[in-house]
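S.K.: target-v2.csv is reproduced in full below (CSV, C-alpha atoms).
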```csv
chain,number,residue,atom,x,y,z
A,1,MET,CA,-66.0,31.1,-6.6
A,2,ILE,CA,-65.4,34.6,-5.1
A,3,ILE,CA,-66.2,34.3,-1.3
A,4,GLN,CA,-67.2,37.3,0.7
A,5,PRO,CA,-68.4,37.4,4.4
A,6,LYS,CA,-72.1,37.2,4.9
A,7,ILE,CA,-73.1,38.2,8.4
A,8,ARG,CA,-76.5,37.3,9.9
A,9,GLY,CA,-76.9,38.4,13.5
A,10,PHE,CA,-73.9,37.0,15.4
A,11,ILE,CA,-72.9,34.3,12.8
A,12,CYS,CA,-71.2,34.4,9.5
A,13,THR,CA,-72.7,32.0,6.9
A,14,THR,CA,-69.6,31.8,4.7
A,15,ALA,CA,-65.9,30.9,5.2
A,16,HIS,CA,-62.8,31.4,3.2
A,17,PRO,CA,-60.5,28.4,2.7
A,18,SER,CA,-57.3,30.5,2.0
A,19,GLY,CA,-58.0,32.8,4.9
A,20,CYS,CA,-58.6,29.9,7.3
A,21,GLU,CA,-55.4,28.3,6.1
A,22,GLN,CA,-53.4,31.4,6.8
A,23,VAL,CA,-54.8,31.8,10.3
A,24,VAL,CA,-53.9,28.2,11.1
A,25,LEU,CA,-50.4,28.8,9.6
A,26,GLU,CA,-49.9,31.9,11.8
A,27,GLN,CA,-50.8,29.8,14.9
A,28,ILE,CA,-48.4,27.1,13.9
A,29,GLN,CA,-45.6,29.6,13.3
A,30,PHE,CA,-46.3,31.1,16.8
A,31,VAL,CA,-45.9,27.7,18.4
A,32,LYS,CA,-42.7,26.9,16.5
A,33,SER,CA,-41.3,30.3,17.5
A,34,LYS,CA,-41.5,29.3,21.2
A,35,GLY,CA,-39.4,26.1,20.6
A,36,SER,CA,-40.2,22.5,21.4
A,37,TYR,CA,-41.0,21.1,24.8
A,38,GLN,CA,-41.3,17.6,26.3
A,39,GLY,CA,-45.1,17.2,26.2
A,40,PRO,CA,-47.8,14.7,25.2
A,41,LYS,CA,-47.1,12.1,22.6
A,42,ASN,CA,-50.6,10.7,21.8
A,43,VAL,CA,-53.4,13.2,22.0
A,44,LEU,CA,-57.2,13.1,21.5
A,45,VAL,CA,-58.9,16.4,21.0
A,46,ILE,CA,-62.7,16.3,21.3
A,47,GLY,CA,-63.9,19.5,19.6
A,48,SER,CA,-60.7,20.1,17.6
A,49,SER,CA,-61.7,22.3,14.7
A,50,THR,CA,-62.0,25.9,16.1
A,51,GLY,CA,-61.0,28.0,19.1
A,52,TYR,CA,-59.3,26.4,22.1
A,53,GLY,CA,-59.7,22.9,20.7
A,54,LEU,CA,-57.9,23.8,17.5
A,55,ALA,CA,-55.2,25.7,19.4
A,56,SER,CA,-54.7,22.6,21.6
A,57,ARG,CA,-54.1,20.4,18.6
A,58,ILE,CA,-51.7,22.8,17.1
A,59,ALA,CA,-49.8,23.4,20.3
A,60,ALA,CA,-49.4,19.6,21.0
A,61,THR,CA,-48.4,18.8,17.4
A,62,PHE,CA,-46.0,21.5,16.6
A,63,GLY,CA,-44.7,22.1,20.1
A,64,SER,CA,-44.3,18.5,21.3
A,65,GLY,CA,-44.4,16.5,18.1
A,66,ALA,CA,-47.5,14.8,19.3
A,67,LYS,CA,-49.6,12.4,17.2
A,68,THR,CA,-53.2,13.7,17.3
A,69,ILE,CA,-56.7,12.5,16.6
A,70,GLY,CA,-59.3,15.3,16.3
A,71,VAL,CA,-63.0,14.8,16.6
A,72,PHE,CA,-65.5,17.5,15.5
A,73,PHE,CA,-68.7,18.1,13.6
A,74,GLU,CA,-68.2,20.3,10.5
A,75,LYS,CA,-69.8,20.7,7.1
A,76,GLU,CA,-68.1,20.1,3.8
A,77,ALA,CA,-68.7,22.5,0.9
A,78,ASP,CA,-71.6,21.8,-1.6
A,79,GLU,CA,-72.9,23.6,-4.6
A,80,LYS,CA,-74.8,26.2,-2.6
A,81,ARG,CA,-72.5,27.0,0.3
A,82,THR,CA,-68.9,27.0,1.5
A,83,ALA,CA,-67.6,24.6,4.0
A,84,SER,CA,-67.7,25.6,7.7
A,85,PRO,CA,-64.6,27.3,9.0
A,86,GLY,CA,-63.7,24.3,11.2
A,87,TRP,CA,-63.6,22.1,8.0
A,88,TYR,CA,-61.1,24.5,6.4
A,89,ASN,CA,-59.1,24.8,9.6
A,90,THR,CA,-58.7,21.1,9.9
A,91,ALA,CA,-57.8,20.7,6.2
A,92,ALA,CA,-55.1,23.3,6.7
A,93,PHE,CA,-53.9,21.8,10.0
A,94,GLU,CA,-53.5,18.3,8.5
A,95,LYS,CA,-51.8,19.7,5.4
A,96,PHE,CA,-49.1,21.4,7.5
A,97,ALA,CA,-48.8,18.5,10.0
A,98,HIS,CA,-48.3,16.0,7.2
A,99,GLN,CA,-45.8,18.2,5.5
A,100,ASP,CA,-43.7,18.0,8.7
A,101,GLY,CA,-44.1,14.3,8.8
A,102,LEU,CA,-46.4,14.4,11.8
A,103,TYR,CA,-49.4,12.0,12.4
A,104,ALA,CA,-52.8,13.7,12.3
A,105,ARG,CA,-56.1,11.9,11.7
A,106,SER,CA,-59.7,13.4,11.9
A,107,ILE,CA,-63.1,12.1,12.6
A,108,ASN,CA,-66.2,14.1,11.6
A,109,GLY,CA,-69.5,13.4,13.3
A,110,ASP,CA,-71.6,13.8,16.4
A,111,ALA,CA,-69.1,13.6,19.3
A,112,PHE,CA,-71.9,13.0,21.7
A,113,SER,CA,-72.9,9.7,20.0
A,114,ASN,CA,-71.8,6.2,20.9
A,115,GLU,CA,-70.9,5.6,17.3
A,116,ILE,CA,-68.2,8.3,17.1
A,117,LYS,CA,-66.8,7.2,20.5
A,118,LYS,CA,-66.5,3.7,19.1
A,119,ARG,CA,-65.0,4.8,15.8
A,120,THR,CA,-62.5,7.0,17.7
A,121,ALA,CA,-61.5,4.1,20.0
A,122,ASP,CA,-60.9,1.8,17.1
A,123,LEU,CA,-58.6,4.4,15.5
A,124,ILE,CA,-56.7,4.9,18.7
A,125,ARG,CA,-56.2,1.1,19.1
A,126,LYS,CA,-55.1,0.7,15.5
A,127,ASP,CA,-52.7,3.6,15.2
A,128,LEU,CA,-51.7,4.9,18.6
A,129,GLY,CA,-52.2,2.2,21.2
A,130,LYS,CA,-52.9,4.5,24.2
A,131,ILE,CA,-53.7,8.2,24.7
A,132,ASP,CA,-51.7,10.3,27.2
A,133,LEU,CA,-53.7,13.5,26.9
A,134,VAL,CA,-57.5,14.0,26.2
A,135,ILE,CA,-58.7,17.5,25.5
A,136,TYR,CA,-62.4,18.1,25.9
A,137,SER,CA,-63.4,21.3,24.1
A,138,LEU,CA,-66.9,20.8,22.7
A,139,ALA,CA,-69.1,23.9,22.2
A,140,SER,CA,-72.5,23.0,20.8
A,141,PRO,CA,-76.0,24.5,21.1
A,142,ARG,CA,-77.6,21.1,21.4
A,143,ARG,CA,-77.0,17.5,22.3
A,144,THR,CA,-78.8,14.3,21.5
A,145,HIS,CA,-78.4,11.9,24.4
A,146,PRO,CA,-76.8,8.7,23.2
A,147,GLU,CA,-78.8,6.5,25.5
A,148,THR,CA,-82.3,8.1,25.5
A,149,GLY,CA,-82.3,9.9,22.2
A,150,HIS,CA,-83.6,13.0,23.9
A,151,VAL,CA,-82.5,16.3,22.3
A,152,TYR,CA,-81.3,19.0,24.8
A,153,PHE,CA,-80.8,22.6,23.9
A,154,SER,CA,-78.6,25.1,25.8
A,155,THR,CA,-79.8,28.6,26.7
A,156,LEU,CA,-78.0,31.8,27.7
A,157,LYS,CA,-80.2,33.1,30.5
A,158,PRO,CA,-80.0,34.4,34.0
A,159,LEU,CA,-81.5,32.6,37.0
A,160,LYS,CA,-84.4,33.7,39.2
A,161,LYS,CA,-84.9,37.2,37.9
A,162,SER,CA,-84.6,39.0,34.6
A,163,PHE,CA,-81.4,40.7,33.6
A,164,THR,CA,-81.0,44.1,32.0
A,165,GLY,CA,-77.6,45.3,30.9
A,166,LYS,CA,-75.6,47.1,28.2
A,167,SER,CA,-74.6,45.4,25.1
A,168,ILE,CA,-73.5,46.2,21.5
A,169,ASP,CA,-74.2,45.4,17.9
A,170,ALA,CA,-70.6,45.4,17.1
A,171,PHE,CA,-71.0,45.4,13.3
A,172,ARG,CA,-73.4,48.4,13.4
A,173,GLY,CA,-71.4,50.2,16.1
A,174,GLU,CA,-74.4,50.6,18.3
A,175,VAL,CA,-74.7,50.4,22.1
A,176,LYS,CA,-78.1,49.2,23.4
A,177,ASP,CA,-79.7,47.8,26.5
A,178,VAL,CA,-80.9,44.2,26.5
A,179,THR,CA,-83.3,42.5,28.8
A,180,ILE,CA,-83.3,38.7,29.2
A,181,GLU,CA,-86.0,36.8,31.1
A,182,PRO,CA,-84.9,34.1,33.6
A,183,ALA,CA,-84.6,30.5,32.7
A,184,ASP,CA,-87.0,27.9,34.0
A,185,ALA,CA,-85.9,24.6,35.6
A,186,ALA,CA,-86.2,22.7,32.3
A,187,GLU,CA,-83.9,25.2,30.6
A,188,VAL,CA,-81.3,24.9,33.3
A,189,GLU,CA,-81.4,21.1,33.2
A,190,SER,CA,-81.1,21.2,29.4
A,191,THR,CA,-78.2,23.5,29.4
A,192,ILE,CA,-76.4,21.4,31.9
A,193,ALA,CA,-77.0,18.3,29.7
A,194,VAL,CA,-75.4,20.1,26.7
A,195,MET,CA,-72.6,22.0,28.3
A,196,GLY,CA,-71.9,20.2,31.6
A,197,GLY,CA,-69.7,17.2,32.2
A,198,GLU,CA,-71.8,14.1,31.4
A,199,ASP,CA,-70.4,13.6,27.9
A,200,TRP,CA,-66.8,14.3,29.1
A,201,GLU,CA,-67.2,11.6,31.7
A,202,MET,CA,-68.8,9.2,29.1
A,203,TRP,CA,-65.7,9.7,26.8
A,204,ILE,CA,-63.2,9.0,29.6
A,205,ASP,CA,-65.1,6.0,31.0
A,206,TYR,CA,-65.4,4.5,27.5
A,207,LEU,CA,-61.7,5.0,26.7
A,208,ALA,CA,-60.8,3.5,30.2
A,209,ARG,CA,-63.0,0.4,29.6
A,210,GLU,CA,-61.3,-0.1,26.2
A,211,ASN,CA,-57.9,0.1,28.0
A,212,LEU,CA,-56.8,3.1,25.8
A,213,LEU,CA,-55.6,5.5,28.5
A,214,ALA,CA,-51.9,5.5,29.2
A,215,ASP,CA,-50.4,5.5,32.7
A,216,GLY,CA,-50.2,9.2,33.8
A,217,VAL,CA,-52.9,10.3,31.4
A,218,MET,CA,-54.3,13.8,31.8
A,219,THR,CA,-57.6,15.1,30.6
A,220,VAL,CA,-58.4,18.8,30.4
A,221,ALA,CA,-61.6,20.7,29.8
A,222,TYR,CA,-61.9,24.4,29.3
A,223,SER,CA,-64.1,26.9,31.2
A,224,TYR,CA,-64.6,30.6,31.8
A,225,ILE,CA,-65.5,32.5,35.0
A,226,GLY,CA,-65.1,36.2,34.0
A,227,PRO,CA,-65.6,39.4,36.1
A,228,GLU,CA,-68.5,40.3,38.2
A,229,LEU,CA,-69.7,42.5,35.3
A,230,THR,CA,-70.7,39.4,33.4
A,231,HIS,CA,-71.7,37.1,36.2
A,232,ALA,CA,-75.5,37.6,36.0
A,233,ILE,CA,-75.6,36.3,32.4
A,234,TYR,CA,-72.7,33.9,32.7
A,235,LYS,CA,-71.3,32.6,36.0
A,236,ASP,CA,-74.6,33.0,37.8
A,237,GLY,CA,-76.7,32.0,34.8
A,238,THR,CA,-77.6,28.8,33.0
A,239,ILE,CA,-74.0,28.5,31.6
A,240,GLY,CA,-72.6,28.9,35.1
A,241,LYS,CA,-74.7,26.0,36.3
A,242,ALA,CA,-73.3,23.9,33.4
A,243,LYS,CA,-69.8,24.9,34.3
A,244,GLU,CA,-70.4,23.9,38.0
A,245,ASP,CA,-71.4,20.5,36.7
A,246,LEU,CA,-68.2,20.4,34.6
A,247,LYS,CA,-66.1,21.1,37.7
A,248,ALA,CA,-67.9,18.4,39.7
A,249,THR,CA,-67.2,16.0,36.8
A,250,ALA,CA,-63.6,16.9,36.8
A,251,ASP,CA,-63.4,16.1,40.5
A,252,LYS,CA,-65.1,12.8,39.9
A,253,LEU,CA,-62.8,11.9,36.9
A,254,ASP,CA,-59.8,12.9,38.9
A,255,ARG,CA,-60.7,10.3,41.5
A,256,LYS,CA,-61.3,7.7,38.8
A,257,LEU,CA,-58.0,8.3,37.1
A,258,LYS,CA,-55.9,7.9,40.3
A,259,ALA,CA,-55.6,4.2,39.4
A,260,LEU,CA,-53.7,5.2,36.3
A,261,HIS,CA,-51.7,7.9,38.1
A,262,GLY,CA,-53.7,10.4,36.0
A,263,GLN,CA,-55.7,13.5,36.6
A,264,ALA,CA,-58.6,15.5,35.3
A,265,ILE,CA,-58.1,19.3,35.1
A,266,ILE,CA,-60.1,22.4,34.2
A,267,SER,CA,-58.4,25.3,32.7
A,268,VAL,CA,-60.1,28.6,33.2
A,269,ASP,CA,-59.3,30.7,30.1
A,270,LYS,CA,-59.4,34.3,29.1
A,271,ALA,CA,-62.3,35.9,27.3
A,272,VAL,CA,-61.8,35.6,23.5
A,273,VAL,CA,-63.9,36.1,20.4
A,274,THR,CA,-65.6,32.9,19.4
A,275,GLN,CA,-68.8,32.0,17.7
A,276,ALA,CA,-70.2,31.1,21.1
A,277,SER,CA,-69.2,34.3,22.9
A,278,ALA,CA,-70.6,36.5,20.2
A,279,ALA,CA,-74.0,35.2,21.1
A,280,ILE,CA,-73.8,36.2,24.7
A,281,PRO,CA,-75.3,39.6,25.6
A,282,VAL,CA,-72.9,42.0,27.4
A,283,VAL,CA,-69.9,39.9,26.5
A,284,PRO,CA,-69.0,41.5,23.2
A,285,LEU,CA,-68.9,44.9,24.8
A,286,TYR,CA,-66.9,43.6,27.7
A,287,ILE,CA,-64.4,41.9,25.3
A,288,SER,CA,-64.1,45.1,23.2
A,289,ILE,CA,-63.2,47.1,26.3
A,290,LEU,CA,-60.9,44.4,27.7
A,291,PHE,CA,-59.0,44.0,24.4
A,292,LYS,CA,-58.1,47.7,24.3
A,293,ILE,CA,-56.9,47.7,27.9
A,294,MET,CA,-54.8,44.5,27.5
A,295,LYS,CA,-53.3,45.5,24.2
A,296,GLU,CA,-52.3,48.9,25.7
A,297,ARG,CA,-50.5,47.0,28.5
A,298,GLY,CA,-48.9,44.5,26.1
A,299,ILE,CA,-50.6,41.5,27.8
A,300,HIS,CA,-53.3,40.5,25.2
A,301,GLU,CA,-53.5,36.9,24.3
A,302,GLY,CA,-55.6,34.8,21.9
A,303,CYS,CA,-56.4,31.1,22.0
A,304,ILE,CA,-53.0,29.9,20.7
A,305,GLU,CA,-50.9,32.0,23.1
A,306,GLN,CA,-52.9,30.7,26.1
A,307,ILE,CA,-52.8,27.1,25.1
A,308,GLN,CA,-49.1,27.2,24.4
A,309,ARG,CA,-48.7,28.6,27.9
A,310,LEU,CA,-51.0,25.9,29.3
A,311,MET,CA,-48.9,23.1,27.7
A,312,HIS,CA,-45.5,24.5,28.3
A,313,ASP,CA,-45.8,26.3,31.6
A,314,HIS,CA,-48.5,24.3,33.4
A,315,LEU,CA,-49.2,20.7,32.2
A,316,TYR,CA,-45.7,19.7,31.2
A,317,SER,CA,-43.5,21.9,33.4
A,318,ALA,CA,-41.3,20.5,36.1
A,319,HIS,CA,-42.3,23.6,38.2
A,320,PRO,CA,-45.9,24.6,37.2
A,321,PRO,CA,-47.5,27.6,38.8
A,322,ALA,CA,-49.8,26.9,41.7
A,323,ARG,CA,-53.5,26.3,40.9
A,324,ASP,CA,-56.2,28.3,42.6
A,325,ALA,CA,-58.0,27.2,45.8
A,326,GLU,CA,-60.6,25.2,43.8
A,327,GLY,CA,-57.9,23.4,41.8
A,328,TYR,CA,-58.3,25.4,38.5
A,329,ILE,CA,-55.5,26.3,36.2
A,330,ARG,CA,-56.0,30.1,35.7
A,331,LEU,CA,-55.0,31.1,32.2
A,332,ASP,CA,-57.3,34.2,32.8
A,333,ASP,CA,-54.7,35.5,35.3
A,334,LEU,CA,-53.8,38.5,33.0
A,335,GLU,CA,-57.4,39.4,32.3
A,336,MET,CA,-58.3,39.3,35.9
A,337,GLN,CA,-55.5,41.5,37.1
A,338,LYS,CA,-56.9,44.1,39.6
A,339,GLU,CA,-55.7,47.0,37.5
A,340,VAL,CA,-57.2,45.7,34.3
A,341,GLN,CA,-60.6,45.0,35.9
A,342,GLN,CA,-60.6,48.4,37.6
A,343,LYS,CA,-60.0,50.1,34.2
A,344,VAL,CA,-62.9,48.0,32.7
A,345,MET,CA,-65.2,49.2,35.4
A,346,GLU,CA,-64.2,52.8,34.9
A,347,VAL,CA,-64.8,52.7,31.2
A,348,TRP,CA,-68.0,50.6,31.1
A,349,PRO,CA,-70.6,53.2,32.3
A,350,THR,CA,-69.2,55.9,29.9
A,351,ILE,CA,-69.7,53.9,26.7
A,352,THR,CA,-72.1,55.2,24.1
A,353,SER,CA,-72.7,54.6,20.4
A,354,GLU,CA,-70.9,57.9,19.8
A,355,ASN,CA,-67.6,57.1,21.6
A,356,LEU,CA,-67.7,53.3,21.1
A,357,PHE,CA,-64.8,53.2,18.6
A,358,GLU,CA,-62.7,55.7,20.7
A,359,LYS,CA,-63.0,54.0,24.1
A,360,THR,CA,-63.1,50.3,23.1
A,361,ASP,CA,-61.4,48.0,20.6
A,362,VAL,CA,-64.6,47.1,18.9
A,363,LYS,CA,-62.7,47.2,15.6
A,364,GLY,CA,-60.4,44.6,16.9
A,365,TYR,CA,-63.4,42.6,18.1
A,366,CYS,CA,-64.9,42.6,14.6
A,367,ASP,CA,-61.6,41.8,13.0
A,368,GLU,CA,-61.2,38.8,15.3
A,369,PHE,CA,-64.7,37.7,14.5
A,370,TYR,CA,-64.1,37.9,10.8
A,371,ARG,CA,-60.8,35.9,11.2
A,372,LEU,CA,-62.8,33.0,12.7
A,373,PHE,CA,-64.2,32.5,9.2
A,374,GLY,CA,-61.1,33.3,7.3
A,375,PHE,CA,-61.8,36.9,6.5
A,376,ASN,CA,-59.8,40.1,7.2
A,377,VAL,CA,-56.6,38.1,7.0
A,378,LYS,CA,-53.5,39.9,5.7
A,379,GLY,CA,-52.2,38.7,2.4
A,380,ILE,CA,-55.4,37.2,1.1
A,381,ASN,CA,-57.0,38.6,-2.1
A,382,TYR,CA,-60.8,38.3,-1.4
A,383,ASP,CA,-61.6,39.4,-4.9
A,384,ALA,CA,-59.9,36.4,-6.4
A,385,GLU,CA,-61.6,33.1,-7.4
A,386,VAL,CA,-61.0,30.3,-4.9
A,387,ASN,CA,-62.0,26.7,-4.8
A,388,PRO,CA,-64.3,26.0,-1.9
A,389,PHE,CA,-64.1,22.2,-2.3
A,390,VAL,CA,-61.2,21.5,0.0
A,391,LYS,CA,-60.6,18.0,1.2
A,392,ILE,CA,-59.3,16.9,4.6
A,393,PRO,CA,-56.7,14.3,3.8
A,394,SER,CA,-57.5,11.7,6.5
A,395,ILE,CA,-61.2,12.5,7.1
A,396,ASP,CA,-63.4,9.8,8.5
A,397,SER,CA,-66.9,11.2,8.3
A,398,ASP,CA,-70.2,10.1,9.6
A,399,PRO,CA,-72.5,9.9,6.5
A,400,VAL,CA,-75.6,10.4,8.6
A,401,SER,CA,-74.3,13.5,10.3
A,402,GLN,CA,-73.2,14.9,6.9
A,403,ASN,CA,-76.8,14.8,5.7
A,404,THR,CA,-78.4,16.5,8.6
```
For this file, produce the structure as structure tokens.
M.R.:
Amino acid sequence: MIIQPKIRGFICTTAHPSGCEQVVLEQIQFVKSKGSYQGPKNVLVIGSSTGYGLASRIAATFGSGAKTIGVFFEKEADEKRTASPGWYNTAAFEKFAHQDGLYARSINGDAFSNEIKKRTADLIRKDLGKIDLVIYSLASPRRTHPETGHVYFSTLKPLKKSFTGKSIDAFRGEVKDVTIEPADAAEVESTIAVMGGEDWEMWIDYLARENLLADGVMTVAYSYIGPELTHAIYKDGTIGKAKEDLKATADKLDRKLKALHGQAIISVDKAVVTQASAAIPVVPLYISILFKIMKERGIHEGCIEQIQRLMHDHLYSAHPPARDAEGYIRLDDLEMQKEVQQKVMEVWPTITSENLFEKTDVKGYCDEFYRLFGFNVKGINYDAEVNPFVKIPSIDSDPVSQNT
């Protein structure tokens, strides 16, 4: 099969296995280039197949020699379509981990379900004994509650009043204004149910009851705050309410884990191109401006650079940098530098469709988006036939989820 990108709105409906493998290999090579460190030994990554979750698995495995179990929900290829990029990412990750003699096992299914929690616990008990680091990095548009069966959907909306702001169609190179009506109470509640901390707490409580958490265990969830420019649609919107719930959950889990001399932490990360961020109005334009400024200053980072820094400099350093007043680890420190944000604010009002490519790095934004799906990767011949039916060596799939 010859696989080319097919863009629909803010998603790509195809993925390239060789491109995804090369992107994973580049991340592994970056981590190896930084040298090994004394870090976690047995790691569970919930949401491990893309973005920060994948970077967490790579950084722990190839930086610290950790044994990892990854949980995710991805689609295998069939006769009509390629696999999802997370499937190809995981296949590549396991291939390289096993080549280096490192333990890596994967569970594919609905991480919100009790069944996947039980299956994961059984595998931990069988192979690892206890976990010393739990990364929670789920990004999903919906969640079926494991106790009630109710299906919740997340929304990207402001609160109380409508929002109008500048955004872009990055692939057409067009600047446009968008207006988004405010969320109602049900939409706020539903977004919190999907993107807040309840499921994170369910995971940690379950693993604790099963006596699978090691003494000194750490659990980390990822968040984003961003500049005032994006607050109306993000920090002060429905997602922001979910992130507030995530922080409250971290504080609760931190108290619970004291008995194990453990801690629950939230890492506030930099704006990056993800499938989720591409769907948020205003954010693609902000990222395009930000990337240009940070690249010019030589301080640009992607997921793997930040997570390697998180592991090496913060979580497993004898002298970690101080956290902020609310207890967050701030990996967005370079993004939020005063000079960087001042420059963003100078450029923002001047952007038009005519000068978009001159004043922003929208090309870099689009390249990063394509790379999420294994496209625009150097060294890959996209006119060549490729086998889309790639197997994940250790996969333990939920047959029900695979048919949905």
S.K.: With stretch 248-266 of chain A as the partner and 12 Å as the cut-off, tabulate the residues of stretch 275-338 of chain A that qualify, each row holding the nearest pair of atoms and their distance in Å to one decimal, using only C-alpha atoms, sorted by chain and rising number, as JSON lines.
M.R.:
```
{"residue": "A:Leu310", "atom": "CA", "partner": "A:Ile266", "partner_atom": "CA", "distance": 10.9}
{"residue": "A:His314", "atom": "CA", "partner": "A:Ile265", "partner_atom": "CA", "distance": 11.0}
{"residue": "A:Leu315", "atom": "CA", "partner": "A:Ile265", "partner_atom": "CA", "distance": 9.5}
{"residue": "A:Arg323", "atom": "CA", "partner": "A:Ile266", "partner_atom": "CA", "distance": 10.2}
{"residue": "A:Asp324", "atom": "CA", "partner": "A:Ile266", "partner_atom": "CA", "distance": 11.0}
{"residue": "A:Glu326", "atom": "CA", "partner": "A:Ile266", "partner_atom": "CA", "distance": 10.0}
{"residue": "A:Gly327", "atom": "CA", "partner": "A:Ile265", "partner_atom": "CA", "distance": 7.9}
{"residue": "A:Tyr328", "atom": "CA", "partner": "A:Ile266", "partner_atom": "CA", "distance": 5.5}
{"residue": "A:Ile329", "atom": "CA", "partner": "A:Ile266", "partner_atom": "CA", "distance": 6.4}
{"residue": "A:Arg330", "atom": "CA", "partner": "A:Ile266", "partner_atom": "CA", "distance": 8.9}
{"residue": "A:Leu331", "atom": "CA", "partner": "A:Ile266", "partner_atom": "CA", "distance": 10.3}
```
S.K.: Restricting the calculation to only C-alpha atoms, which member of A:Val283, A:Ala276, A:Val386, A:Leu229 is positioned closest to A:Gln342?
M.R.: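 Looking at the shortest contact to A:Gln342, the residue is A:Leu229.
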S.K.: So which one's closest to A:Ser49, A:Thr82, A:Asn376, A:Thr61, A:Ser137? Using only C-alpha atoms, please.
M.R.: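 So, comparing all the options, the nearest one is A:Ser137.
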S.K.: Env of A:Gly240: 12 Å cut, atoms = all atoms listed in the file, seq-sep filter 4 positions within chain, self excluded. Answer as a list in words.
M.R.: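 The neighbour list is Ser154, Thr155, Leu156, Lys157, Pro158, Leu159, Val188, Glu189, Thr191, Ile192, Met195, Gly196, Ser223, Tyr224, Ile225, Gly226, Thr230, His231, Ala232, Ile233, Tyr234, Lys235, Asp236, Glu244, Asp245, Leu246 and Lys247 of chain A.
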S.K.: For A:Glu210, which of A:Gly129, A:Pro146, A:Gly86, A:Gly39 is the closest residue, counting all atoms listed in the file?
M.R.: A:Gly129
S.K.: Under the rule of at most 12 Å, produce a per-residue listing of stretch 195-314 of chain A near stretch 350-355 of chain A: chain, number, name, the closest pair of atoms, and the distance in Å, as CSV, using all atoms listed in the file.
M.R.:
```
residue,atom,partner,partner_atom,distance
A:Leu285,CA,A:Ile351,CA,9.2
A:Tyr286,CA,A:Ile351,CA,10.7
A:Ser288,CA,A:Ile351,CA,11.0
A:Ile289,CA,A:Ile351,CA,9.4
```
S.K.: Could you check which of A:Asn42, A:Thr238, A:Thr14, A:Gln27 is closest to A:Ala186, using all atoms listed in the file?
M.R.: A:Thr238
